[in-house]
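This report refers to the structure that appears directly beneath it.
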Protein chains: 2
Amino acid sequence: MRNIKLTIAYDGTDFSGWQAQPGQPTVQGALTDELEKLTQRRLMIHAAGRTDAGVHAAAQVVNFKTQAELAPEEFQRAFNALLPPTIRVNAAEEVGPDFHARWNALAKRYQYRIYRGLVVPPFVWKYVHHDAFELNFDAMAEAARLFLGEHDFSTFAASSGSEEDDRERTTVRTIYQSEWSRVPASSSANPDAEEWVYIVRGRSFLRHMVRKMAGTLVEVGRGKLAPDDVPKLLALRDRSKSGMTMPAQGLCLESVEYPDPANSLAAKEKYREALK
Amino acid sequence: MRNIKLTIAYDGTDFSGWQAQPGQPTVQGALTDELEKLTQRRLMIHAAGRTDAGVHAAAQVVNFKTQAELAPEEFQRAFNALLPPTIRVNAAEEVGPDFHARWNALAKRYQYRIYRGLVVPPFVWKYVHHDAFELNFDAMAEAARLFLGEHDFSTFAASSGSEEDDRERTTVRTIYQSEWSRVPASSSANPDAEEWVYIVRGRSFLRHMVRKMAGTLVEVGRGKLAPDDVPKLLALRDRSKSGMTMPAQGLCLESVEYPDPANSLAAKEKYREALK
């Protein structure tokens, strides 16, 4: 049995999220259908993060086990020929039998993009949330830092479930990076336009957690909450108390990290070579 | 009668071009429909360039005459509230009675984007043409310069029509800028990916002219034509002899230039103030 790891990108706009659901267009469904054409089997494909409807991915990681003898590059080429242009396989490699895209992930990084100009260019509107009202950047940046570290994120959880595993009952999560950056988003319409981008990196996340964190930070920017409300909200462990849940379309899974190089067969071979 | 000038952007993917056609989604049709809601009249809207189906615009310029008393910013806000997010009004101003978006344009600048990485990110595929095969950049840049100046562009014309005016029978056009640039287009998938962008600026263009010029330059890059075939092709004045017509989706109208500041009432007032 071979274990194939794919790094994929998708525009989540027209998908009901990652996870296959009967009668709904999903990323997992689309990949599974095409993989069936290639292998004649209906195989299980695991993803690092089960992104919600409308959420995008620049570098989601997935894996599946197969007896098919296609080389990884052949899988990549075949998928890219069969899939719609809204899903792309960026890279494919064969990995060790123990690699699991979700369980082995050490960290995931998400981005939430807020377009700060008056008019959102027609080329980016699907990938940003539009907010041109006054926001206090410094307060948002200060509040974001208070999410760093290990906390019980019950307040920032959806009514049910974890992004990684519904069986995982703990709501304690660890955040390694939580910061805002201002990015020039100039266009001929708005030479001074900016995007404010919230970057958050953690081992794993509860369902809707990033969108609720970002929404709470925007309420801090608006002056409805103060930065030190963040630890207070965390302490409440009450999901009715968090700030708003931001719309899905501004969110993108940017990268997934794994213990390196243990999971790559190619890397293992290189490593063995180096030991000789 | 007031004369209103709008600068607009659109994603041309889902439109059958600028020009209104019965039963087809067009940019002119969409603007005319919304303007009718605002003014209770079916008004003629003129555009600087009548872009073809699938061609995009970052800063198209249009104008219309109306007796409605809305301020330019009110037109802008109302249009942006009514139009789909694929058409945006970037700016609106009142201009002198003689201003005509097409006849007064001094120059237009187009861009043709070719994505040179192996995998086109799902966020840009609608705005680029994908070509990852070997191309000789220097030969393409050299050939592009040979389009500069005044030439009879019959070879690079569609079977009929000018972009500006079907009545205009001459096929002589003047090109002020014609060059390729390499732009980093890095993504997590392709850290080294580039876009090769053809930038062409001229007073006006024949129908399909930019796409045929770009296609001819790509054939130079491929080695099927030599740079000095460009003047030879121009001299032939035979439209069956040009290189391929590139697909519409890589093309974008980037800007339109007008005699400045004569056409802006606000600028005229400023100018009068300055004279006092």
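Convention: chains lettered A, B, ... in structure tokens order; per-chain residue numbering from 1; ligands numbered from 1 as shown.
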
Within 12 Å of Ala30 in chain B, counting only C-alpha atoms, which residues qualify if same-chain residues fewer than 2 places away don't, as a VMD selection string?
chain B and resid 10 14 to 28 32 to 37 42 45 79 to 80 82 to 88

Requested write-out: N, CA and C atoms of the selected residues, as an mmCIF file, in the first residue's frame:
data_model
loop_
_atom_site.group_PDB
_atom_site.id
_atom_site.type_symbol
_atom_site.label_atom_id
_atom_site.label_comp_id
_atom_site.auth_asym_id
_atom_site.auth_seq_id
_atom_site.Cartn_x
_atom_site.Cartn_y
_atom_site.Cartn_z
ATOM 1 N N TYR B 10 -14.114 45.827 -14.090
ATOM 2 C CA TYR B 10 -14.968 44.631 -14.141
ATOM 3 C C TYR B 10 -14.177 43.374 -14.422
ATOM 4 N N ASP B 14 -17.863 36.601 -16.883
ATOM 5 C CA ASP B 14 -19.263 36.205 -17.078
ATOM 6 C C ASP B 14 -20.049 37.174 -17.957
ATOM 7 N N PHE B 15 -19.354 38.067 -18.658
ATOM 8 C CA PHE B 15 -20.041 39.018 -19.531
ATOM 9 C C PHE B 15 -19.700 38.756 -21.002
ATOM 10 N N SER B 16 -20.685 38.996 -21.850
ATOM 11 C CA SER B 16 -20.453 38.891 -23.298
ATOM 12 C C SER B 16 -19.878 40.203 -23.809
ATOM 13 N N GLY B 17 -18.905 40.724 -23.095
ATOM 14 C CA GLY B 17 -18.239 41.951 -23.511
ATOM 15 C C GLY B 17 -18.911 43.202 -23.001
ATOM 16 N N TRP B 18 -18.385 44.364 -23.439
ATOM 17 C CA TRP B 18 -18.954 45.642 -23.043
ATOM 18 C C TRP B 18 -20.333 45.875 -23.650
ATOM 19 N N GLN B 19 -20.412 45.712 -24.971
ATOM 20 C CA GLN B 19 -21.546 46.248 -25.715
ATOM 21 C C GLN B 19 -22.855 45.493 -25.508
ATOM 22 N N ALA B 20 -23.909 46.251 -25.191
ATOM 23 C CA ALA B 20 -25.225 45.657 -24.942
ATOM 24 C C ALA B 20 -25.687 44.833 -26.133
ATOM 25 N N GLN B 21 -26.185 43.631 -25.854
ATOM 26 C CA GLN B 21 -26.766 42.763 -26.881
ATOM 27 C C GLN B 21 -27.992 42.128 -26.261
ATOM 28 N N PRO B 22 -29.080 42.068 -27.022
ATOM 29 C CA PRO B 22 -30.322 41.520 -26.467
ATOM 30 C C PRO B 22 -30.119 40.108 -25.933
ATOM 31 N N GLY B 23 -30.582 39.857 -24.709
ATOM 32 C CA GLY B 23 -30.542 38.509 -24.147
ATOM 33 C C GLY B 23 -29.180 38.049 -23.664
ATOM 34 N N GLN B 24 -28.173 38.933 -23.690
ATOM 35 C CA GLN B 24 -26.828 38.551 -23.253
ATOM 36 C C GLN B 24 -26.422 39.399 -22.057
ATOM 37 N N PRO B 25 -25.707 38.815 -21.093
ATOM 38 C CA PRO B 25 -25.203 39.647 -19.996
ATOM 39 C C PRO B 25 -24.009 40.474 -20.492
ATOM 40 N N THR B 26 -24.142 41.791 -20.484
ATOM 41 C CA THR B 26 -23.040 42.658 -20.904
ATOM 42 C C THR B 26 -22.827 43.736 -19.845
ATOM 43 N N VAL B 27 -21.645 44.334 -19.862
ATOM 44 C CA VAL B 27 -21.333 45.367 -18.878
ATOM 45 C C VAL B 27 -22.177 46.608 -19.168
ATOM 46 N N GLN B 28 -22.273 46.987 -20.430
ATOM 47 C CA GLN B 28 -23.090 48.145 -20.785
ATOM 48 C C GLN B 28 -24.553 47.897 -20.397
ATOM 49 N N THR B 32 -26.604 50.172 -17.809
ATOM 50 C CA THR B 32 -27.781 50.873 -18.331
ATOM 51 C C THR B 32 -29.023 50.529 -17.517
ATOM 52 N N ASP B 33 -29.163 49.253 -17.154
ATOM 53 C CA ASP B 33 -30.310 48.824 -16.340
ATOM 54 C C ASP B 33 -30.320 49.539 -14.987
ATOM 55 N N GLU B 34 -29.149 49.610 -14.334
ATOM 56 C CA GLU B 34 -29.117 50.232 -13.002
ATOM 57 C C GLU B 34 -29.300 51.739 -13.111
ATOM 58 N N LEU B 35 -28.744 52.330 -14.180
ATOM 59 C CA LEU B 35 -28.907 53.776 -14.374
ATOM 60 C C LEU B 35 -30.376 54.132 -14.604
ATOM 61 N N GLU B 36 -31.090 53.226 -15.244
ATOM 62 C CA GLU B 36 -32.520 53.446 -15.462
ATOM 63 C C GLU B 36 -33.272 53.494 -14.125
ATOM 64 N N LYS B 37 -32.839 52.645 -13.175
ATOM 65 C CA LYS B 37 -33.475 52.667 -11.851
ATOM 66 C C LYS B 37 -33.216 54.000 -11.150
ATOM 67 N N ARG B 42 -33.792 55.448 -19.909
ATOM 68 C CA ARG B 42 -32.876 54.529 -20.571
ATOM 69 C C ARG B 42 -31.841 55.390 -21.295
ATOM 70 N N ILE B 45 -24.839 54.966 -22.586
ATOM 71 C CA ILE B 45 -23.560 55.047 -21.866
ATOM 72 C C ILE B 45 -22.446 54.723 -22.859
ATOM 73 N N PHE B 79 -24.620 53.000 -7.781
ATOM 74 C CA PHE B 79 -24.184 51.943 -8.706
ATOM 75 C C PHE B 79 -23.557 50.780 -7.936
ATOM 76 N N ASN B 80 -22.665 51.090 -6.995
ATOM 77 C CA ASN B 80 -21.980 50.010 -6.283
ATOM 78 C C ASN B 80 -22.929 49.218 -5.386
ATOM 79 N N LEU B 82 -26.103 48.653 -6.335
ATOM 80 C CA LEU B 82 -27.008 47.919 -7.237
ATOM 81 C C LEU B 82 -26.295 46.878 -8.092
ATOM 82 N N LEU B 83 -25.079 47.177 -8.518
ATOM 83 C CA LEU B 83 -24.365 46.293 -9.456
ATOM 84 C C LEU B 83 -23.832 45.052 -8.747
ATOM 85 N N PRO B 84 -23.585 43.966 -9.498
ATOM 86 C CA PRO B 84 -22.925 42.809 -8.899
ATOM 87 C C PRO B 84 -21.469 43.159 -8.555
ATOM 88 N N PRO B 85 -20.843 42.399 -7.633
ATOM 89 C CA PRO B 85 -19.463 42.719 -7.222
ATOM 90 C C PRO B 85 -18.453 42.569 -8.352
ATOM 91 N N THR B 86 -18.867 42.003 -9.486
ATOM 92 C CA THR B 86 -17.967 41.850 -10.632
ATOM 93 C C THR B 86 -17.873 43.133 -11.462
ATOM 94 N N ILE B 87 -18.701 44.139 -11.148
ATOM 95 C CA ILE B 87 -18.566 45.466 -11.771
ATOM 96 C C ILE B 87 -18.528 46.491 -10.645
ATOM 97 N N ARG B 88 -17.517 47.328 -10.619
ATOM 98 C CA ARG B 88 -17.379 48.354 -9.575
ATOM 99 C C ARG B 88 -17.139 49.719 -10.198
#

Distance table requested - range 21-98 of chain A against range 183-206 of chain A, cut-off 12 Å, only C-alpha atoms: one row per qualifying residue with the closest atom pair and its distance in Å to one decimal, ordered by chain and rising residue number, as a tab-separated table.
residue	atom	partner	partner_atom	distance
A:Ala48	CA	A:Ser204	CA	9.4
A:Gly49	CA	A:Ser204	CA	8.4
A:Arg50	CA	A:Phe205	CA	10.2
A:Thr51	CA	A:Phe205	CA	10.7
A:Asp52	CA	A:Leu206	CA	11.6

With N, CA and C atoms retained, write the just-selected residues as an mmCIF file, in the first residue's frame.
data_model
loop_
_atom_site.group_PDB
_atom_site.id
_atom_site.type_symbol
_atom_site.label_atom_id
_atom_site.label_comp_id
_atom_site.auth_asym_id
_atom_site.auth_seq_id
_atom_site.Cartn_x
_atom_site.Cartn_y
_atom_site.Cartn_z
ATOM 1 N N ALA A 48 -5.692 17.956 6.311
ATOM 2 C CA ALA A 48 -5.149 18.522 7.553
ATOM 3 C C ALA A 48 -6.223 19.308 8.295
ATOM 4 N N GLY A 49 -6.992 20.108 7.549
ATOM 5 C CA GLY A 49 -8.039 20.912 8.184
ATOM 6 C C GLY A 49 -9.321 20.806 7.385
ATOM 7 N N ARG A 50 -10.426 20.559 8.083
ATOM 8 C CA ARG A 50 -11.699 20.425 7.361
ATOM 9 C C ARG A 50 -12.338 21.801 7.227
ATOM 10 N N THR A 51 -11.916 22.515 6.199
ATOM 11 C CA THR A 51 -12.366 23.902 6.046
ATOM 12 C C THR A 51 -13.874 23.959 5.786
ATOM 13 N N ASP A 52 -14.491 25.023 6.297
ATOM 14 C CA ASP A 52 -15.939 25.227 6.159
ATOM 15 C C ASP A 52 -16.312 25.744 4.773
#

Interface, chain A side, toward chain B (10 Å; only C-alpha atoms) as a PyMOL selection string:
chain A and resi 7-12+56-59+76-77+80+84-91+118-127+187-190+254-255

May I have the selected residues written with N, CA and C atoms, as a tab-separated table (two decimals), in the first residue's frame?
chain	number	residue	atom	x	y	z
A	7	THR	N	-0.37	18.49	-1.80
A	7	THR	CA	-0.61	19.86	-1.32
A	7	THR	C	-1.54	20.51	-2.33
A	8	ILE	N	-2.68	20.99	-1.86
A	8	ILE	CA	-3.69	21.49	-2.80
A	8	ILE	C	-4.10	22.91	-2.45
A	9	ALA	N	-4.58	23.63	-3.47
A	9	ALA	CA	-5.13	24.98	-3.29
A	9	ALA	C	-6.55	24.96	-3.82
A	10	TYR	N	-7.43	25.71	-3.19
A	10	TYR	CA	-8.77	25.83	-3.78
A	10	TYR	C	-9.41	27.16	-3.45
A	11	ASP	N	-10.26	27.57	-4.38
A	11	ASP	CA	-11.15	28.71	-4.20
A	11	ASP	C	-12.42	28.13	-3.60
A	12	GLY	N	-12.69	28.41	-2.34
A	12	GLY	CA	-13.79	27.76	-1.65
A	12	GLY	C	-15.18	28.29	-2.00
A	56	HIS	N	-11.20	29.35	1.80
A	56	HIS	CA	-10.23	29.02	0.76
A	56	HIS	C	-9.00	28.31	1.34
A	57	ALA	N	-8.20	27.74	0.45
A	57	ALA	CA	-6.92	27.16	0.88
A	57	ALA	C	-5.85	27.46	-0.15
A	58	ALA	N	-4.71	27.95	0.33
A	58	ALA	CA	-3.56	28.16	-0.55
A	58	ALA	C	-2.67	26.93	-0.52
A	59	ALA	N	-2.65	26.23	0.60
A	59	ALA	CA	-1.80	25.03	0.72
A	59	ALA	C	-2.37	24.10	1.79
A	76	GLN	N	-0.42	14.10	-9.76
A	76	GLN	CA	-0.59	15.55	-9.82
A	76	GLN	C	-1.12	15.98	-11.19
A	77	ARG	N	-0.46	15.50	-12.25
A	77	ARG	CA	-0.86	15.89	-13.61
A	77	ARG	C	-2.29	15.45	-13.91
A	80	ASN	N	-4.85	17.52	-12.00
A	80	ASN	CA	-4.99	18.87	-12.56
A	80	ASN	C	-5.67	18.88	-13.92
A	84	PRO	N	-11.68	20.88	-11.72
A	84	PRO	CA	-11.94	22.23	-12.22
A	84	PRO	C	-10.78	23.15	-11.82
A	85	PRO	N	-10.62	24.30	-12.51
A	85	PRO	CA	-9.49	25.20	-12.20
A	85	PRO	C	-9.58	25.81	-10.81
A	86	THR	N	-10.69	25.62	-10.11
A	86	THR	CA	-10.84	26.14	-8.75
A	86	THR	C	-10.20	25.22	-7.71
A	87	ILE	N	-9.75	24.02	-8.13
A	87	ILE	CA	-8.97	23.14	-7.24
A	87	ILE	C	-7.71	22.74	-7.98
A	88	ARG	N	-6.56	22.96	-7.39
A	88	ARG	CA	-5.29	22.63	-8.02
A	88	ARG	C	-4.42	21.81	-7.09
A	89	VAL	N	-3.72	20.84	-7.65
A	89	VAL	CA	-2.73	20.09	-6.89
A	89	VAL	C	-1.38	20.76	-7.13
A	90	ASN	N	-0.85	21.37	-6.07
A	90	ASN	CA	0.41	22.11	-6.18
A	90	ASN	C	1.62	21.18	-6.14
A	91	ALA	N	1.50	20.08	-5.40
A	91	ALA	CA	2.64	19.18	-5.23
A	91	ALA	C	2.10	17.81	-4.81
A	118	LEU	N	-12.40	51.83	-0.15
A	118	LEU	CA	-13.84	52.10	-0.31
A	118	LEU	C	-14.49	51.15	-1.30
A	119	VAL	N	-13.76	50.80	-2.35
A	119	VAL	CA	-14.33	49.97	-3.42
A	119	VAL	C	-13.48	48.71	-3.58
A	120	VAL	N	-14.09	47.55	-3.41
A	120	VAL	CA	-13.35	46.30	-3.54
A	120	VAL	C	-13.18	45.94	-5.01
A	121	PRO	N	-11.95	45.79	-5.49
A	121	PRO	CA	-11.76	45.44	-6.90
A	121	PRO	C	-12.49	44.14	-7.25
A	122	PRO	N	-13.05	44.06	-8.47
A	122	PRO	CA	-13.82	42.87	-8.85
A	122	PRO	C	-12.96	41.61	-8.90
A	123	PHE	N	-11.64	41.77	-8.84
A	123	PHE	CA	-10.75	40.61	-8.95
A	123	PHE	C	-10.43	39.99	-7.59
A	124	VAL	N	-10.78	40.65	-6.50
A	124	VAL	CA	-10.44	40.12	-5.17
A	124	VAL	C	-11.64	39.95	-4.24
A	125	TRP	N	-12.82	40.34	-4.69
A	125	TRP	CA	-13.93	40.38	-3.74
A	125	TRP	C	-14.27	39.03	-3.13
A	126	LYS	N	-13.96	37.94	-3.82
A	126	LYS	CA	-14.28	36.62	-3.28
A	126	LYS	C	-13.34	36.19	-2.16
A	127	TYR	N	-12.24	36.92	-1.99
A	127	TYR	CA	-11.19	36.45	-1.08
A	127	TYR	C	-10.97	37.38	0.11
A	187	SER	N	-4.85	49.66	-6.13
A	187	SER	CA	-5.39	49.41	-7.45
A	187	SER	C	-5.54	50.78	-8.10
A	188	SER	N	-5.88	50.79	-9.38
A	188	SER	CA	-6.06	52.10	-10.01
A	188	SER	C	-7.18	52.86	-9.31
A	189	ALA	N	-8.15	52.12	-8.72
A	189	ALA	CA	-9.25	52.78	-8.03
A	189	ALA	C	-8.79	53.40	-6.72
A	190	ASN	N	-8.00	52.66	-5.96
A	190	ASN	CA	-7.62	53.06	-4.61
A	190	ASN	C	-6.12	52.99	-4.45
A	254	GLU	N	-3.39	28.82	4.93
A	254	GLU	CA	-2.18	29.22	4.21
A	254	GLU	C	-1.11	28.13	4.18
A	255	SER	N	-0.97	27.37	5.26
A	255	SER	CA	0.06	26.32	5.25
A	255	SER	C	-0.16	25.36	6.40

Could you find all residues in range 62-181 of chain B that DSSP calls alpha helix (DSSP H) from the backbone, and write them as a VMD selection string?
chain B and resid 72 to 82 137 to 145

Restrict the selected residues to C-alpha atoms and save them as a PDB file, in the first residue's frame.
ATOM      1  CA  PRO B  72     -21.242  62.138  -8.684  1.00  0.00           C
ATOM      2  CA  GLU B  73     -20.497  60.371  -5.364  1.00  0.00           C
ATOM      3  CA  GLU B  74     -24.169  59.493  -5.070  1.00  0.00           C
ATOM      4  CA  PHE B  75     -24.089  57.908  -8.521  1.00  0.00           C
ATOM      5  CA  GLN B  76     -20.994  55.964  -7.465  1.00  0.00           C
ATOM      6  CA  ARG B  77     -22.534  54.742  -4.211  1.00  0.00           C
ATOM      7  CA  ALA B  78     -25.851  53.840  -5.848  1.00  0.00           C
ATOM      8  CA  PHE B  79     -24.184  51.943  -8.706  1.00  0.00           C
ATOM      9  CA  ASN B  80     -21.980  50.010  -6.283  1.00  0.00           C
ATOM     10  CA  ALA B  81     -25.019  49.112  -4.191  1.00  0.00           C
ATOM     11  CA  LEU B  82     -27.008  47.919  -7.237  1.00  0.00           C
ATOM     12  CA  PHE B 137      11.813  36.295 -23.408  1.00  0.00           C
ATOM     13  CA  ASP B 138      14.485  38.391 -25.133  1.00  0.00           C
ATOM     14  CA  ALA B 139      13.164  37.582 -28.602  1.00  0.00           C
ATOM     15  CA  MET B 140       9.638  38.494 -27.501  1.00  0.00           C
ATOM     16  CA  ALA B 141      10.859  41.781 -25.988  1.00  0.00           C
ATOM     17  CA  GLU B 142      12.806  42.613 -29.168  1.00  0.00           C
ATOM     18  CA  ALA B 143       9.834  41.814 -31.402  1.00  0.00           C
ATOM     19  CA  ALA B 144       7.464  43.855 -29.200  1.00  0.00           C
ATOM     20  CA  ARG B 145       9.543  47.008 -29.802  1.00  0.00           C
TER      21      ARG B 145
END

Write down as a list in words the residues belonging to range 170-200 of chain B that are assigned strand (DSSP E) by DSSP computed on the backbone.
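Taking range 170-200 of chain B and keeping strand (DSSP E) gives Val172, Arg173, Thr174, Ile175, Tyr176, Gln177, Ser178, Glu179, Trp180, Ser181, Arg182, Val183, Pro184, Glu194, Glu195, Trp196, Val197, Tyr198, Ile199 and Val200 of chain B.
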
Long-range neighbours of range 212-214 of chain A as an MDAnalysis selection string, 9 Å cut-off, only C-alpha atoms, 2 positions minimum in chain
chainID A and resid 112 144 147 155:158 198 208:210 216:219 242:246

Could you take the residues named above and write them with N, CA and C atoms, as a PDB file, in the first residue's frame?
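Ended up saving to result-v6.pdb:
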ATOM      1  N   TYR A 112      -6.837  35.865   7.701  1.00  0.00           N
ATOM      2  CA  TYR A 112      -8.150  36.481   7.474  1.00  0.00           C
ATOM      3  C   TYR A 112      -7.915  37.870   6.877  1.00  0.00           C
ATOM      4  N   ALA A 144      -4.739  40.923  19.669  1.00  0.00           N
ATOM      5  CA  ALA A 144      -4.368  39.667  19.000  1.00  0.00           C
ATOM      6  C   ALA A 144      -3.298  38.925  19.794  1.00  0.00           C
ATOM      7  N   PHE A 147      -4.115  36.344  22.544  1.00  0.00           N
ATOM      8  CA  PHE A 147      -4.547  34.977  22.218  1.00  0.00           C
ATOM      9  C   PHE A 147      -3.374  33.995  22.256  1.00  0.00           C
ATOM     10  N   THR A 155     -15.128  29.685  24.495  1.00  0.00           N
ATOM     11  CA  THR A 155     -15.858  30.896  24.109  1.00  0.00           C
ATOM     12  C   THR A 155     -15.844  31.095  22.598  1.00  0.00           C
ATOM     13  N   PHE A 156     -14.767  30.607  21.957  1.00  0.00           N
ATOM     14  CA  PHE A 156     -14.582  30.844  20.523  1.00  0.00           C
ATOM     15  C   PHE A 156     -14.889  29.599  19.687  1.00  0.00           C
ATOM     16  N   ALA A 157     -15.705  28.719  20.240  1.00  0.00           N
ATOM     17  CA  ALA A 157     -16.063  27.485  19.533  1.00  0.00           C
ATOM     18  C   ALA A 157     -17.452  27.611  18.919  1.00  0.00           C
ATOM     19  N   ALA A 158     -17.656  26.922  17.802  1.00  0.00           N
ATOM     20  CA  ALA A 158     -19.008  26.800  17.253  1.00  0.00           C
ATOM     21  C   ALA A 158     -19.800  25.889  18.180  1.00  0.00           C
ATOM     22  N   TYR A 198      -5.169  39.272   9.302  1.00  0.00           N
ATOM     23  CA  TYR A 198      -4.948  38.604  10.584  1.00  0.00           C
ATOM     24  C   TYR A 198      -4.310  37.254  10.305  1.00  0.00           C
ATOM     25  N   HIS A 208     -14.930  27.130  13.535  1.00  0.00           N
ATOM     26  CA  HIS A 208     -15.262  28.571  13.529  1.00  0.00           C
ATOM     27  C   HIS A 208     -14.348  29.411  14.416  1.00  0.00           C
ATOM     28  N   MET A 209     -13.353  28.775  15.034  1.00  0.00           N
ATOM     29  CA  MET A 209     -12.532  29.476  16.029  1.00  0.00           C
ATOM     30  C   MET A 209     -11.802  30.684  15.429  1.00  0.00           C
ATOM     31  N   VAL A 210     -11.182  30.519  14.259  1.00  0.00           N
ATOM     32  CA  VAL A 210     -10.436  31.637  13.683  1.00  0.00           C
ATOM     33  C   VAL A 210     -11.384  32.788  13.330  1.00  0.00           C
ATOM     34  N   THR A 216     -13.902  39.001  17.030  1.00  0.00           N
ATOM     35  CA  THR A 216     -13.706  39.639  18.326  1.00  0.00           C
ATOM     36  C   THR A 216     -12.670  40.755  18.204  1.00  0.00           C
ATOM     37  N   LEU A 217     -11.614  40.506  17.436  1.00  0.00           N
ATOM     38  CA  LEU A 217     -10.568  41.522  17.255  1.00  0.00           C
ATOM     39  C   LEU A 217     -11.112  42.725  16.482  1.00  0.00           C
ATOM     40  N   VAL A 218     -11.992  42.492  15.517  1.00  0.00           N
ATOM     41  CA  VAL A 218     -12.600  43.610  14.795  1.00  0.00           C
ATOM     42  C   VAL A 218     -13.473  44.433  15.755  1.00  0.00           C
ATOM     43  N   GLU A 219     -14.150  43.782  16.682  1.00  0.00           N
ATOM     44  CA  GLU A 219     -14.947  44.527  17.657  1.00  0.00           C
ATOM     45  C   GLU A 219     -14.049  45.344  18.591  1.00  0.00           C
ATOM     46  N   SER A 242     -18.652  35.369  22.730  1.00  0.00           N
ATOM     47  CA  SER A 242     -17.572  35.805  21.827  1.00  0.00           C
ATOM     48  C   SER A 242     -18.054  36.913  20.910  1.00  0.00           C
ATOM     49  N   GLY A 243     -17.116  37.587  20.249  1.00  0.00           N
ATOM     50  CA  GLY A 243     -17.481  38.559  19.220  1.00  0.00           C
ATOM     51  C   GLY A 243     -18.095  37.840  18.028  1.00  0.00           C
ATOM     52  N   MET A 244     -18.453  38.626  17.027  1.00  0.00           N
ATOM     53  CA  MET A 244     -19.121  38.060  15.853  1.00  0.00           C
ATOM     54  C   MET A 244     -18.231  37.039  15.136  1.00  0.00           C
ATOM     55  N   THR A 245     -18.875  36.135  14.413  1.00  0.00           N
ATOM     56  CA  THR A 245     -18.167  35.192  13.546  1.00  0.00           C
ATOM     57  C   THR A 245     -18.003  35.861  12.190  1.00  0.00           C
ATOM     58  N   MET A 246     -16.761  36.068  11.746  1.00  0.00           N
ATOM     59  CA  MET A 246     -16.552  36.737  10.463  1.00  0.00           C
ATOM     60  C   MET A 246     -17.020  35.834   9.319  1.00  0.00           C
TER      61      MET A 246
END

Taking 5 positions as the minimum chain separation for residues in the same chain, which residues sit within 8 Å of Phe64 in chain A when counting only C-alpha atoms? Answer as a PyMOL selection string.
chain A and resi 3-5+43-46

Given the selection you just returned, output its residues as a file containing C-alpha atoms, formatted as an mmCIF file, in the first residue's frame.
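As a result, again-v4.cif now contains:
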data_model
loop_
_atom_site.group_PDB
_atom_site.id
_atom_site.type_symbol
_atom_site.label_atom_id
_atom_site.label_comp_id
_atom_site.auth_asym_id
_atom_site.auth_seq_id
_atom_site.Cartn_x
_atom_site.Cartn_y
_atom_site.Cartn_z
ATOM 1 C CA ASN A 3 0.693 6.597 0.880
ATOM 2 C CA ILE A 4 0.377 9.721 -1.312
ATOM 3 C CA LYS A 5 0.519 13.255 0.100
ATOM 4 C CA LEU A 43 -10.644 5.834 -1.471
ATOM 5 C CA MET A 44 -10.709 7.840 1.745
ATOM 6 C CA ILE A 45 -8.852 11.160 1.463
ATOM 7 C CA HIS A 46 -7.791 12.819 4.721
#

So how many Å separate CA of Ala92 in chain A and CA of Lys65 in chain A, to one decimal?
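CA of Lys65 in chain A lies at a distance of 13.0 Å from CA of Ala92 in chain A.
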
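One finds CA of Asp260 in chain A at 26.7 Å from CA of His151 in chain A.
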
One number please: CA of Ala248 in chain B to CA of Gly54 in chain A, in Å, one decimal.
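CA of Gly54 in chain A lies at a distance of 27.5 Å from CA of Ala248 in chain B.
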
List as number ranges by chain the protein and nucleic acid residues near Asp152 in chain A, meaning an atom at most 6 Å away when only C-alpha atoms are counted, but skip any in the same chain fewer than 2 places from it.
A: 154, 171-172
